[in-house]
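Engineer: So here's protein_13.txt (compact mmCIF, N, CA and C atoms).
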```txt
# COMPACT_ATOMS: atom_id res chain seq x y z
N MET A 152 -220.44 -5.13 238.36
CA MET A 152 -219.87 -4.76 239.64
C MET A 152 -218.42 -5.22 239.68
N PRO A 153 -217.49 -4.34 240.06
CA PRO A 153 -216.08 -4.74 240.09
C PRO A 153 -215.79 -5.70 241.23
N GLU A 154 -214.82 -6.56 240.99
CA GLU A 154 -214.41 -7.55 241.98
C GLU A 154 -212.96 -7.24 242.36
N VAL A 155 -212.63 -7.29 243.65
CA VAL A 155 -211.28 -7.00 244.12
C VAL A 155 -210.60 -8.31 244.48
N ARG A 156 -209.45 -8.59 243.85
CA ARG A 156 -208.64 -9.76 244.15
C ARG A 156 -207.22 -9.31 244.42
N GLU A 157 -206.46 -10.18 245.05
CA GLU A 157 -205.06 -9.85 245.34
C GLU A 157 -204.17 -10.80 244.55
N THR A 158 -203.23 -10.23 243.77
CA THR A 158 -202.28 -11.01 242.99
C THR A 158 -200.88 -10.52 243.32
N ASN A 159 -200.02 -11.42 243.77
CA ASN A 159 -198.65 -11.06 244.15
C ASN A 159 -198.62 -9.92 245.15
N GLY A 160 -199.57 -9.90 246.06
CA GLY A 160 -199.58 -8.89 247.10
C GLY A 160 -200.16 -7.56 246.68
N VAL A 161 -200.66 -7.44 245.42
CA VAL A 161 -201.21 -6.19 244.94
C VAL A 161 -202.71 -6.36 244.73
N PRO A 162 -203.54 -5.56 245.43
CA PRO A 162 -204.98 -5.66 245.20
C PRO A 162 -205.32 -5.21 243.79
N GLU A 163 -206.14 -5.98 243.09
CA GLU A 163 -206.53 -5.65 241.72
C GLU A 163 -208.04 -5.59 241.62
N VAL A 164 -208.54 -4.74 240.76
CA VAL A 164 -209.97 -4.62 240.51
C VAL A 164 -210.22 -5.17 239.11
N ARG A 165 -211.13 -6.11 239.00
CA ARG A 165 -211.48 -6.67 237.70
C ARG A 165 -212.99 -6.52 237.50
N GLU A 166 -213.36 -6.26 236.28
CA GLU A 166 -214.78 -6.20 235.96
C GLU A 166 -215.30 -7.63 235.87
N THR A 167 -216.47 -7.89 236.41
CA THR A 167 -217.01 -9.25 236.43
C THR A 167 -218.08 -9.46 235.37
N ASN A 168 -218.23 -8.51 234.43
CA ASN A 168 -219.26 -8.66 233.40
C ASN A 168 -218.79 -9.53 232.24
N GLY A 169 -217.62 -10.13 232.35
CA GLY A 169 -217.14 -11.04 231.33
C GLY A 169 -216.34 -10.38 230.23
N VAL A 170 -216.30 -9.07 230.16
CA VAL A 170 -215.53 -8.38 229.14
C VAL A 170 -214.09 -8.27 229.61
N PRO A 171 -213.13 -8.81 228.84
CA PRO A 171 -211.74 -8.70 229.29
C PRO A 171 -211.28 -7.25 229.26
N GLU A 172 -210.80 -6.78 230.39
CA GLU A 172 -210.28 -5.43 230.50
C GLU A 172 -208.92 -5.49 231.16
N ALA A 173 -208.20 -4.38 231.09
CA ALA A 173 -206.89 -4.32 231.73
C ALA A 173 -207.05 -4.51 233.22
N ARG A 174 -206.15 -5.27 233.83
CA ARG A 174 -206.20 -5.46 235.27
C ARG A 174 -205.82 -4.15 235.94
N LYS A 175 -206.63 -3.75 236.88
CA LYS A 175 -206.38 -2.50 237.59
C LYS A 175 -206.15 -2.79 239.06
N THR A 176 -205.26 -2.00 239.68
CA THR A 176 -205.08 -2.13 241.11
C THR A 176 -206.23 -1.43 241.80
N ALA A 177 -206.30 -1.54 243.12
CA ALA A 177 -207.38 -0.93 243.89
C ALA A 177 -207.38 0.59 243.76
N ILE A 178 -206.24 1.18 243.41
CA ILE A 178 -206.20 2.64 243.26
C ILE A 178 -206.42 3.06 241.81
N GLY A 179 -206.75 2.09 240.93
CA GLY A 179 -207.10 2.42 239.56
C GLY A 179 -205.95 2.46 238.57
N VAL A 180 -204.80 1.92 238.92
CA VAL A 180 -203.65 1.92 238.03
C VAL A 180 -203.52 0.55 237.39
N ASP A 181 -203.20 0.51 236.12
CA ASP A 181 -203.01 -0.74 235.42
C ASP A 181 -201.89 -1.53 236.10
N ALA A 182 -202.15 -2.80 236.42
CA ALA A 182 -201.19 -3.62 237.17
C ALA A 182 -199.88 -3.82 236.41
N GLU A 183 -199.96 -4.01 235.10
CA GLU A 183 -198.73 -4.20 234.32
C GLU A 183 -197.90 -2.93 234.27
N ARG A 184 -198.58 -1.81 234.14
CA ARG A 184 -197.86 -0.53 234.13
C ARG A 184 -197.20 -0.29 235.48
N LEU A 185 -197.90 -0.62 236.56
CA LEU A 185 -197.34 -0.47 237.90
C LEU A 185 -196.10 -1.35 238.06
N ARG A 186 -196.18 -2.59 237.57
CA ARG A 186 -195.04 -3.50 237.66
C ARG A 186 -193.82 -2.93 236.94
N VAL A 187 -194.03 -2.41 235.73
CA VAL A 187 -192.92 -1.85 234.95
C VAL A 187 -192.34 -0.62 235.65
N LEU A 188 -193.20 0.24 236.19
CA LEU A 188 -192.72 1.44 236.88
C LEU A 188 -191.93 1.09 238.13
N VAL A 189 -192.41 0.12 238.90
CA VAL A 189 -191.71 -0.28 240.12
C VAL A 189 -190.36 -0.92 239.78
N ILE A 190 -190.32 -1.74 238.73
CA ILE A 190 -189.06 -2.36 238.32
C ILE A 190 -188.08 -1.30 237.86
N ARG A 191 -188.55 -0.35 237.07
CA ARG A 191 -187.67 0.74 236.64
C ARG A 191 -187.18 1.55 237.83
N GLY A 192 -188.08 1.83 238.77
CA GLY A 192 -187.68 2.55 239.98
C GLY A 192 -186.65 1.78 240.79
N TYR A 193 -186.83 0.45 240.87
CA TYR A 193 -185.85 -0.37 241.59
C TYR A 193 -184.47 -0.27 240.94
N ARG A 194 -184.43 -0.37 239.63
CA ARG A 194 -183.14 -0.30 238.94
C ARG A 194 -182.46 1.04 239.15
N VAL A 195 -183.23 2.12 239.04
CA VAL A 195 -182.67 3.46 239.24
C VAL A 195 -182.16 3.60 240.67
N MET A 196 -182.96 3.18 241.64
CA MET A 196 -182.54 3.31 243.04
C MET A 196 -181.36 2.41 243.36
N ALA A 197 -181.28 1.24 242.76
CA ALA A 197 -180.13 0.35 242.99
C ALA A 197 -178.85 1.01 242.51
N TYR A 198 -178.89 1.58 241.32
CA TYR A 198 -177.68 2.22 240.78
C TYR A 198 -177.33 3.49 241.56
N LEU A 199 -178.32 4.29 241.91
CA LEU A 199 -178.03 5.51 242.70
C LEU A 199 -177.47 5.17 244.07
N THR A 200 -178.11 4.24 244.76
CA THR A 200 -177.66 3.86 246.10
C THR A 200 -176.27 3.25 246.04
N GLY A 201 -176.03 2.37 245.08
CA GLY A 201 -174.71 1.75 244.94
C GLY A 201 -173.62 2.75 244.62
N THR A 202 -173.94 3.70 243.73
CA THR A 202 -172.95 4.72 243.36
C THR A 202 -172.61 5.60 244.56
N MET A 203 -173.62 6.02 245.30
CA MET A 203 -173.35 6.87 246.46
C MET A 203 -172.55 6.12 247.53
N LEU A 204 -172.81 4.83 247.69
CA LEU A 204 -172.06 4.05 248.67
C LEU A 204 -170.60 3.89 248.25
N ILE A 205 -170.37 3.69 246.96
CA ILE A 205 -168.98 3.59 246.47
C ILE A 205 -168.25 4.91 246.68
N ILE A 206 -168.90 6.03 246.36
CA ILE A 206 -168.27 7.34 246.58
C ILE A 206 -167.98 7.53 248.07
N LEU A 207 -168.93 7.15 248.90
CA LEU A 207 -168.73 7.30 250.35
C LEU A 207 -167.55 6.46 250.84
N CYS A 208 -167.53 5.19 250.45
CA CYS A 208 -166.51 4.27 250.98
C CYS A 208 -165.12 4.49 250.39
N PHE A 209 -165.06 4.83 249.12
CA PHE A 209 -163.75 4.90 248.47
C PHE A 209 -163.23 6.32 248.27
N VAL A 210 -164.05 7.33 248.53
CA VAL A 210 -163.59 8.72 248.42
C VAL A 210 -163.83 9.46 249.74
N GLY A 211 -165.08 9.46 250.22
CA GLY A 211 -165.43 10.24 251.40
C GLY A 211 -164.73 9.81 252.67
N ILE A 212 -164.75 8.53 252.97
CA ILE A 212 -164.13 8.05 254.21
C ILE A 212 -162.60 8.18 254.16
N PRO A 213 -161.92 7.83 253.05
CA PRO A 213 -160.48 8.08 253.00
C PRO A 213 -160.13 9.56 253.17
N LEU A 214 -160.92 10.45 252.59
CA LEU A 214 -160.67 11.88 252.79
C LEU A 214 -160.87 12.28 254.24
N GLN A 215 -161.85 11.67 254.89
CA GLN A 215 -162.10 11.98 256.30
C GLN A 215 -160.96 11.46 257.18
N VAL A 216 -160.50 10.25 256.91
CA VAL A 216 -159.49 9.64 257.76
C VAL A 216 -158.09 10.20 257.48
N PHE A 217 -157.72 10.23 256.21
CA PHE A 217 -156.35 10.62 255.88
C PHE A 217 -156.20 12.11 255.59
N GLY A 218 -157.27 12.75 255.10
CA GLY A 218 -157.18 14.17 254.77
C GLY A 218 -157.78 15.06 255.83
N HIS A 219 -158.35 14.47 256.87
CA HIS A 219 -158.96 15.21 257.98
C HIS A 219 -160.01 16.20 257.47
N ASP A 220 -160.78 15.78 256.47
CA ASP A 220 -161.84 16.61 255.91
C ASP A 220 -163.14 15.80 255.91
N PRO A 221 -163.97 15.96 256.94
CA PRO A 221 -165.17 15.14 257.06
C PRO A 221 -166.36 15.62 256.22
N MET A 222 -166.22 16.75 255.51
CA MET A 222 -167.37 17.33 254.83
C MET A 222 -167.96 16.38 253.76
N LEU A 223 -167.14 15.82 252.90
CA LEU A 223 -167.64 14.94 251.84
C LEU A 223 -168.29 13.69 252.41
N ALA A 224 -167.67 13.12 253.43
CA ALA A 224 -168.24 11.91 254.05
C ALA A 224 -169.59 12.20 254.68
N LYS A 225 -169.73 13.35 255.32
CA LYS A 225 -171.01 13.71 255.93
C LYS A 225 -172.08 13.93 254.86
N LEU A 226 -171.73 14.66 253.82
CA LEU A 226 -172.68 14.96 252.76
C LEU A 226 -173.12 13.70 252.01
N VAL A 227 -172.15 12.94 251.54
CA VAL A 227 -172.47 11.74 250.77
C VAL A 227 -173.12 10.68 251.67
N GLY A 228 -172.70 10.60 252.92
CA GLY A 228 -173.31 9.65 253.85
C GLY A 228 -174.78 9.96 254.10
N THR A 229 -175.10 11.23 254.22
CA THR A 229 -176.50 11.64 254.41
C THR A 229 -177.32 11.34 253.17
N ILE A 230 -176.78 11.66 252.00
CA ILE A 230 -177.50 11.38 250.75
C ILE A 230 -177.71 9.89 250.59
N HIS A 231 -176.66 9.10 250.85
CA HIS A 231 -176.79 7.65 250.72
C HIS A 231 -177.85 7.12 251.70
N GLY A 232 -177.87 7.63 252.91
CA GLY A 232 -178.86 7.18 253.90
C GLY A 232 -180.28 7.45 253.45
N MET A 233 -180.53 8.64 252.90
CA MET A 233 -181.88 8.96 252.41
C MET A 233 -182.23 8.10 251.20
N LEU A 234 -181.29 7.93 250.29
CA LEU A 234 -181.54 7.09 249.12
C LEU A 234 -181.77 5.63 249.51
N TYR A 235 -181.07 5.17 250.53
CA TYR A 235 -181.22 3.78 250.96
C TYR A 235 -182.61 3.51 251.51
N ILE A 236 -183.18 4.49 252.21
CA ILE A 236 -184.54 4.33 252.73
C ILE A 236 -185.53 4.19 251.57
N VAL A 237 -185.38 5.04 250.56
CA VAL A 237 -186.24 4.95 249.37
C VAL A 237 -185.99 3.62 248.66
N TYR A 238 -184.72 3.22 248.57
CA TYR A 238 -184.36 1.94 247.94
C TYR A 238 -185.06 0.77 248.64
N LEU A 239 -185.08 0.78 249.96
CA LEU A 239 -185.74 -0.30 250.70
C LEU A 239 -187.22 -0.42 250.33
N VAL A 240 -187.90 0.69 250.27
CA VAL A 240 -189.33 0.69 249.94
C VAL A 240 -189.55 0.18 248.52
N VAL A 241 -188.79 0.72 247.57
CA VAL A 241 -188.96 0.34 246.17
C VAL A 241 -188.53 -1.11 245.94
N ALA A 242 -187.43 -1.52 246.57
CA ALA A 242 -186.95 -2.90 246.39
C ALA A 242 -187.94 -3.90 246.98
N PHE A 243 -188.53 -3.59 248.12
CA PHE A 243 -189.51 -4.50 248.69
C PHE A 243 -190.74 -4.60 247.79
N ALA A 244 -191.19 -3.47 247.28
CA ALA A 244 -192.33 -3.49 246.35
C ALA A 244 -192.00 -4.31 245.12
N MET A 245 -190.79 -4.17 244.61
CA MET A 245 -190.38 -4.94 243.44
C MET A 245 -190.37 -6.44 243.74
N THR A 246 -189.87 -6.82 244.90
CA THR A 246 -189.84 -8.25 245.23
C THR A 246 -191.24 -8.83 245.29
N ARG A 247 -192.21 -8.06 245.75
CA ARG A 247 -193.59 -8.54 245.80
C ARG A 247 -194.18 -8.66 244.40
N LEU A 248 -193.88 -7.71 243.54
CA LEU A 248 -194.49 -7.70 242.20
C LEU A 248 -193.89 -8.75 241.26
N VAL A 249 -192.66 -9.17 241.50
CA VAL A 249 -192.06 -10.19 240.61
C VAL A 249 -192.18 -11.58 241.21
N GLY A 250 -192.80 -11.71 242.37
CA GLY A 250 -193.08 -13.01 242.93
C GLY A 250 -192.03 -13.60 243.85
N MET A 251 -191.13 -12.80 244.36
CA MET A 251 -190.16 -13.31 245.33
C MET A 251 -190.87 -13.49 246.67
N ARG A 252 -190.49 -14.51 247.41
CA ARG A 252 -191.10 -14.73 248.73
C ARG A 252 -190.65 -13.65 249.70
N THR A 253 -191.53 -13.32 250.63
CA THR A 253 -191.25 -12.22 251.55
C THR A 253 -190.05 -12.47 252.45
N ALA A 254 -189.97 -13.63 253.07
CA ALA A 254 -188.90 -13.89 254.03
C ALA A 254 -187.79 -14.76 253.44
N SER A 255 -187.64 -14.75 252.13
CA SER A 255 -186.62 -15.60 251.51
C SER A 255 -185.25 -14.95 251.60
N ALA A 256 -184.24 -15.76 251.39
CA ALA A 256 -182.87 -15.25 251.39
C ALA A 256 -182.67 -14.26 250.25
N GLY A 257 -183.33 -14.48 249.13
CA GLY A 257 -183.22 -13.56 248.00
C GLY A 257 -183.75 -12.19 248.32
N THR A 258 -184.88 -12.12 249.00
CA THR A 258 -185.44 -10.83 249.38
C THR A 258 -184.55 -10.11 250.38
N VAL A 259 -184.04 -10.84 251.34
CA VAL A 259 -183.12 -10.24 252.32
C VAL A 259 -181.86 -9.74 251.63
N LEU A 260 -181.35 -10.50 250.67
CA LEU A 260 -180.17 -10.08 249.91
C LEU A 260 -180.44 -8.81 249.12
N VAL A 261 -181.60 -8.74 248.48
CA VAL A 261 -181.96 -7.53 247.72
C VAL A 261 -182.03 -6.33 248.65
N LEU A 262 -182.64 -6.48 249.80
CA LEU A 262 -182.80 -5.36 250.72
C LEU A 262 -181.49 -4.95 251.38
N ALA A 263 -180.60 -5.91 251.63
CA ALA A 263 -179.33 -5.60 252.28
C ALA A 263 -178.25 -5.16 251.29
N ALA A 264 -178.51 -5.28 250.01
CA ALA A 264 -177.49 -4.99 249.00
C ALA A 264 -177.00 -3.54 249.05
N GLY A 265 -177.82 -2.62 249.52
CA GLY A 265 -177.42 -1.22 249.59
C GLY A 265 -176.47 -0.90 250.71
N THR A 266 -176.04 -1.91 251.47
CA THR A 266 -175.13 -1.67 252.59
C THR A 266 -173.71 -2.15 252.31
N VAL A 267 -173.50 -2.85 251.20
CA VAL A 267 -172.17 -3.37 250.85
C VAL A 267 -171.77 -2.77 249.51
N PRO A 268 -170.62 -2.09 249.45
CA PRO A 268 -170.21 -1.48 248.18
C PRO A 268 -170.19 -2.51 247.05
N VAL A 269 -170.67 -2.13 245.90
CA VAL A 269 -170.71 -2.89 244.65
C VAL A 269 -171.80 -3.97 244.64
N LEU A 270 -172.32 -4.38 245.78
CA LEU A 270 -173.28 -5.47 245.83
C LEU A 270 -174.60 -5.12 245.15
N THR A 271 -175.01 -3.84 245.17
CA THR A 271 -176.27 -3.49 244.52
C THR A 271 -176.22 -3.79 243.02
N PHE A 272 -175.06 -3.57 242.41
CA PHE A 272 -174.93 -3.82 240.97
C PHE A 272 -175.02 -5.32 240.67
N VAL A 273 -174.37 -6.12 241.49
CA VAL A 273 -174.37 -7.57 241.30
C VAL A 273 -175.78 -8.13 241.54
N VAL A 274 -176.41 -7.71 242.63
CA VAL A 274 -177.74 -8.21 242.97
C VAL A 274 -178.77 -7.75 241.94
N GLU A 275 -178.65 -6.54 241.45
CA GLU A 275 -179.59 -6.05 240.44
C GLU A 275 -179.53 -6.92 239.19
N ARG A 276 -178.35 -7.29 238.74
CA ARG A 276 -178.22 -8.16 237.57
C ARG A 276 -178.80 -9.55 237.86
N TRP A 277 -178.54 -10.07 239.05
CA TRP A 277 -179.04 -11.39 239.43
C TRP A 277 -180.57 -11.39 239.48
N VAL A 278 -181.16 -10.37 240.12
CA VAL A 278 -182.61 -10.27 240.23
C VAL A 278 -183.23 -10.10 238.85
N THR A 279 -182.59 -9.32 237.99
CA THR A 279 -183.12 -9.13 236.64
C THR A 279 -183.18 -10.44 235.89
N ARG A 280 -182.12 -11.21 235.93
CA ARG A 280 -182.10 -12.48 235.19
C ARG A 280 -183.03 -13.53 235.80
N ARG A 281 -183.04 -13.59 237.12
CA ARG A 281 -183.76 -14.66 237.80
C ARG A 281 -185.25 -14.39 237.99
N TYR A 282 -185.63 -13.13 238.26
CA TYR A 282 -187.01 -12.83 238.60
C TYR A 282 -187.68 -11.80 237.68
N ILE A 283 -187.00 -10.71 237.35
CA ILE A 283 -187.65 -9.63 236.61
C ILE A 283 -187.94 -10.05 235.17
N ASP A 284 -186.94 -10.57 234.45
CA ASP A 284 -187.16 -10.96 233.06
C ASP A 284 -188.27 -12.01 232.92
N PRO A 285 -188.27 -13.09 233.73
CA PRO A 285 -189.39 -14.04 233.63
C PRO A 285 -190.74 -13.42 233.99
N SER A 286 -190.76 -12.50 234.96
CA SER A 286 -192.01 -11.85 235.35
C SER A 286 -192.55 -11.00 234.21
N LEU A 287 -191.68 -10.26 233.56
CA LEU A 287 -192.12 -9.43 232.44
C LEU A 287 -192.51 -10.29 231.24
N ALA A 288 -191.85 -11.42 231.05
CA ALA A 288 -192.18 -12.31 229.94
C ALA A 288 -193.57 -12.94 230.11
N ARG A 289 -194.01 -13.13 231.36
CA ARG A 289 -195.34 -13.71 231.64
C ARG A 289 -196.46 -12.71 231.46
N SER A 290 -196.14 -11.43 231.40
CA SER A 290 -197.19 -10.41 231.37
C SER A 290 -197.94 -10.45 230.04
N PRO A 291 -199.22 -10.11 230.06
CA PRO A 291 -200.01 -10.09 228.82
C PRO A 291 -199.47 -9.09 227.81
N ALA A 292 -198.93 -7.98 228.28
CA ALA A 292 -198.39 -6.97 227.37
C ALA A 292 -197.21 -7.53 226.58
N ALA A 293 -196.40 -8.37 227.23
CA ALA A 293 -195.26 -8.98 226.54
C ALA A 293 -195.74 -9.96 225.48
N ALA A 294 -196.80 -10.69 225.78
CA ALA A 294 -197.35 -11.63 224.80
C ALA A 294 -197.93 -10.89 223.60
N GLU A 295 -198.63 -9.77 223.86
CA GLU A 295 -199.17 -8.97 222.77
C GLU A 295 -198.04 -8.38 221.93
N HIS A 296 -197.00 -7.89 222.60
CA HIS A 296 -195.87 -7.29 221.90
C HIS A 296 -195.17 -8.33 221.02
N ALA A 297 -195.01 -9.54 221.53
CA ALA A 297 -194.38 -10.61 220.76
C ALA A 297 -195.25 -10.98 219.56
N ALA A 298 -196.58 -11.02 219.74
CA ALA A 298 -197.46 -11.37 218.64
C ALA A 298 -197.47 -10.29 217.56
N VAL A 299 -197.40 -9.02 217.97
CA VAL A 299 -197.38 -7.93 217.02
C VAL A 299 -196.06 -7.91 216.25
N GLY A 300 -194.97 -8.26 216.92
CA GLY A 300 -193.65 -8.23 216.30
C GLY A 300 -193.44 -9.30 215.24
N ARG A 301 -194.29 -10.30 215.17
CA ARG A 301 -194.11 -11.40 214.22
C ARG A 301 -194.57 -11.03 212.85
```
Please, can you express the file's structure as structure tokens?
Structural biologist:
Amino acid sequence: MPEVRETNGVPEVRETNGVPEARKTAIGVDAERLRVLVIRGYRVMAYLTGTMLIILCFVGIPLQVFGHDPMLAKLVGTIHGMLYIVYLVVAFAMTRLVGMRTASAGTVLVLAAGTVPVLTFVVERWVTRRYIDPSLARSPAAAEHAAVGR
């Protein structure tokens, strides 16, 4: 009979018959694979959101103010807004999966990084070094990969 436990905020299903099996989430996805996918999604969304914000702030708004052409600012601003909403969801999921505390300053910084030009790039590197790399190093897949590589 499967047993449901919660690890780092993610419900996992484990077989209780004593046979070691891959940890699965409640929806049947391997927990390590989910962690890697969410981290990859976070990185992609951080770079997309940061790039759109830089284009908006350093190209779109100057064109709107000095060139009296609001079209680029409206278009890029809308795209950035939609991307930022997706970024918030993915970034919050990433913070839970790598073990960051929910109400910590680090989590707030990660979530707010999409509102300050260039900050998403800086925060992404910081989160990777401080939380993502150690989280991936602790995973069983990383241990197996290291053992196979020897």
Engineer: In Å to one decimal, how far is atom N of Ile206 in chain A from atom N of Gly228 in chain A?
Structural biologist: 8.9 Å
Engineer: Quick one: what's the axis-aligned box for range 199-210 of chain A, all listed atoms, 8 Å on every side, centre and edges in Å to one decimal, as lines of an AutoDock Vina configuration file?
Structural biologist:
```
center_x = -170.8
center_y = 5.6
center_z = 246.4
size_x = 31.1
size_y = 23.7
size_z = 25.1
```
Engineer: From the set A:Pro213, A:Ala197, A:Leu248, A:Ala256, which residue has the shortest atom-to-atom contact distance to Tyr235 in chain A, counting only C-alpha atoms?
Structural biologist: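 Of A:Pro213, A:Ala197, A:Leu248, A:Ala256, the one nearest Tyr235 in chain A is A:Ala197, counting only C-alpha atoms.
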Engineer: Using only C-alpha atoms, what table do you get, as a tab-separated table, when you list each residue of range 219-277 of chain A with an atom no more than 10 Å from range 181-191 of chain A, its nearest pair of atoms, and their distance in Å rounded to one decimal, rows by chain then rising number?
Structural biologist:
```
residue	atom	partner	partner_atom	distance
A:Val241	CA	A:Val189	CA	6.7
A:Ala242	CA	A:Val189	CA	8.3
A:Phe243	CA	A:Val189	CA	9.8
A:Ala244	CA	A:Val189	CA	7.0
A:Met245	CA	A:Val189	CA	5.9
A:Thr246	CA	A:Ile190	CA	9.1
A:Arg247	CA	A:Arg186	CA	9.7
A:Leu248	CA	A:Arg186	CA	6.2
A:Val249	CA	A:Arg186	CA	7.9
```
Engineer: Give me, as a list in words, all polymer residues having an atom no more than 12 Å from Met233 in chain A, counting only C-alpha atoms and skipping those fewer than 2 positions away in the same chain.
Structural biologist: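 In the requested format, the answer is Met196, Leu199, Thr200, Met203, Leu204, Leu226, Val227, Gly228, Thr229, Ile230, His231, Tyr235, Ile236, Val237, Tyr238, Leu239, Val240 and Gly265 of chain A.
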Engineer: Which value, in Å to one decimal, gives the distance between CA of Arg252 in chain A and CA of Tyr282 in chain A?
Structural biologist: 11.1 Å
Engineer: Quick one: pull the distance between CA of Arg194 in chain A and CA of Ser290 in chain A, Å, one decimal.
Structural biologist: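 For CA of Arg194 in chain A relative to CA of Ser290 in chain A, the distance reads 18.9 Å.
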Engineer: Any chance you could export range 188-200 of chain A with N, CA and C atoms, as a PDB file, in the first residue's frame?
Structural biologist:
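So the final result, stored in selection.pdb, reads:
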```pdb
ATOM      1  N   LEU A 188      13.029  19.949 -13.427  1.00  0.00           N
ATOM      2  CA  LEU A 188      12.182  20.698 -14.363  1.00  0.00           C
ATOM      3  C   LEU A 188      11.803  22.070 -13.813  1.00  0.00           C
ATOM      4  N   VAL A 189      11.466  22.132 -12.529  1.00  0.00           N
ATOM      5  CA  VAL A 189      11.092  23.414 -11.927  1.00  0.00           C
ATOM      6  C   VAL A 189      12.299  24.351 -11.880  1.00  0.00           C
ATOM      7  N   ILE A 190      13.478  23.824 -11.559  1.00  0.00           N
ATOM      8  CA  ILE A 190      14.686  24.657 -11.534  1.00  0.00           C
ATOM      9  C   ILE A 190      14.997  25.178 -12.930  1.00  0.00           C
ATOM     10  N   ARG A 191      14.895  24.316 -13.924  1.00  0.00           N
ATOM     11  CA  ARG A 191      15.127  24.765 -15.305  1.00  0.00           C
ATOM     12  C   ARG A 191      14.098  25.818 -15.705  1.00  0.00           C
ATOM     13  N   GLY A 192      12.839  25.591 -15.340  1.00  0.00           N
ATOM     14  CA  GLY A 192      11.799  26.574 -15.637  1.00  0.00           C
ATOM     15  C   GLY A 192      12.061  27.907 -14.949  1.00  0.00           C
ATOM     16  N   TYR A 193      12.550  27.848 -13.697  1.00  0.00           N
ATOM     17  CA  TYR A 193      12.881  29.079 -12.986  1.00  0.00           C
ATOM     18  C   TYR A 193      13.972  29.854 -13.719  1.00  0.00           C
ATOM     19  N   ARG A 194      15.005  29.160 -14.135  1.00  0.00           N
ATOM     20  CA  ARG A 194      16.107  29.841 -14.829  1.00  0.00           C
ATOM     21  C   ARG A 194      15.637  30.472 -16.126  1.00  0.00           C
ATOM     22  N   VAL A 195      14.841  29.736 -16.900  1.00  0.00           N
ATOM     23  CA  VAL A 195      14.325  30.274 -18.165  1.00  0.00           C
ATOM     24  C   VAL A 195      13.453  31.495 -17.902  1.00  0.00           C
ATOM     25  N   MET A 196      12.549  31.388 -16.923  1.00  0.00           N
ATOM     26  CA  MET A 196      11.658  32.517 -16.641  1.00  0.00           C
ATOM     27  C   MET A 196      12.420  33.704 -16.071  1.00  0.00           C
ATOM     28  N   ALA A 197      13.461  33.467 -15.287  1.00  0.00           N
ATOM     29  CA  ALA A 197      14.261  34.575 -14.746  1.00  0.00           C
ATOM     30  C   ALA A 197      14.917  35.345 -15.881  1.00  0.00           C
ATOM     31  N   TYR A 198      15.511  34.625 -16.825  1.00  0.00           N
ATOM     32  CA  TYR A 198      16.181  35.302 -17.939  1.00  0.00           C
ATOM     33  C   TYR A 198      15.180  35.986 -18.866  1.00  0.00           C
ATOM     34  N   LEU A 199      14.059  35.344 -19.152  1.00  0.00           N
ATOM     35  CA  LEU A 199      13.044  35.984 -20.008  1.00  0.00           C
ATOM     36  C   LEU A 199      12.465  37.232 -19.354  1.00  0.00           C
ATOM     37  N   THR A 200      12.090  37.119 -18.096  1.00  0.00           N
ATOM     38  CA  THR A 200      11.497  38.250 -17.380  1.00  0.00           C
ATOM     39  C   THR A 200      12.501  39.392 -17.268  1.00  0.00           C
TER      40      THR A 200
END
```
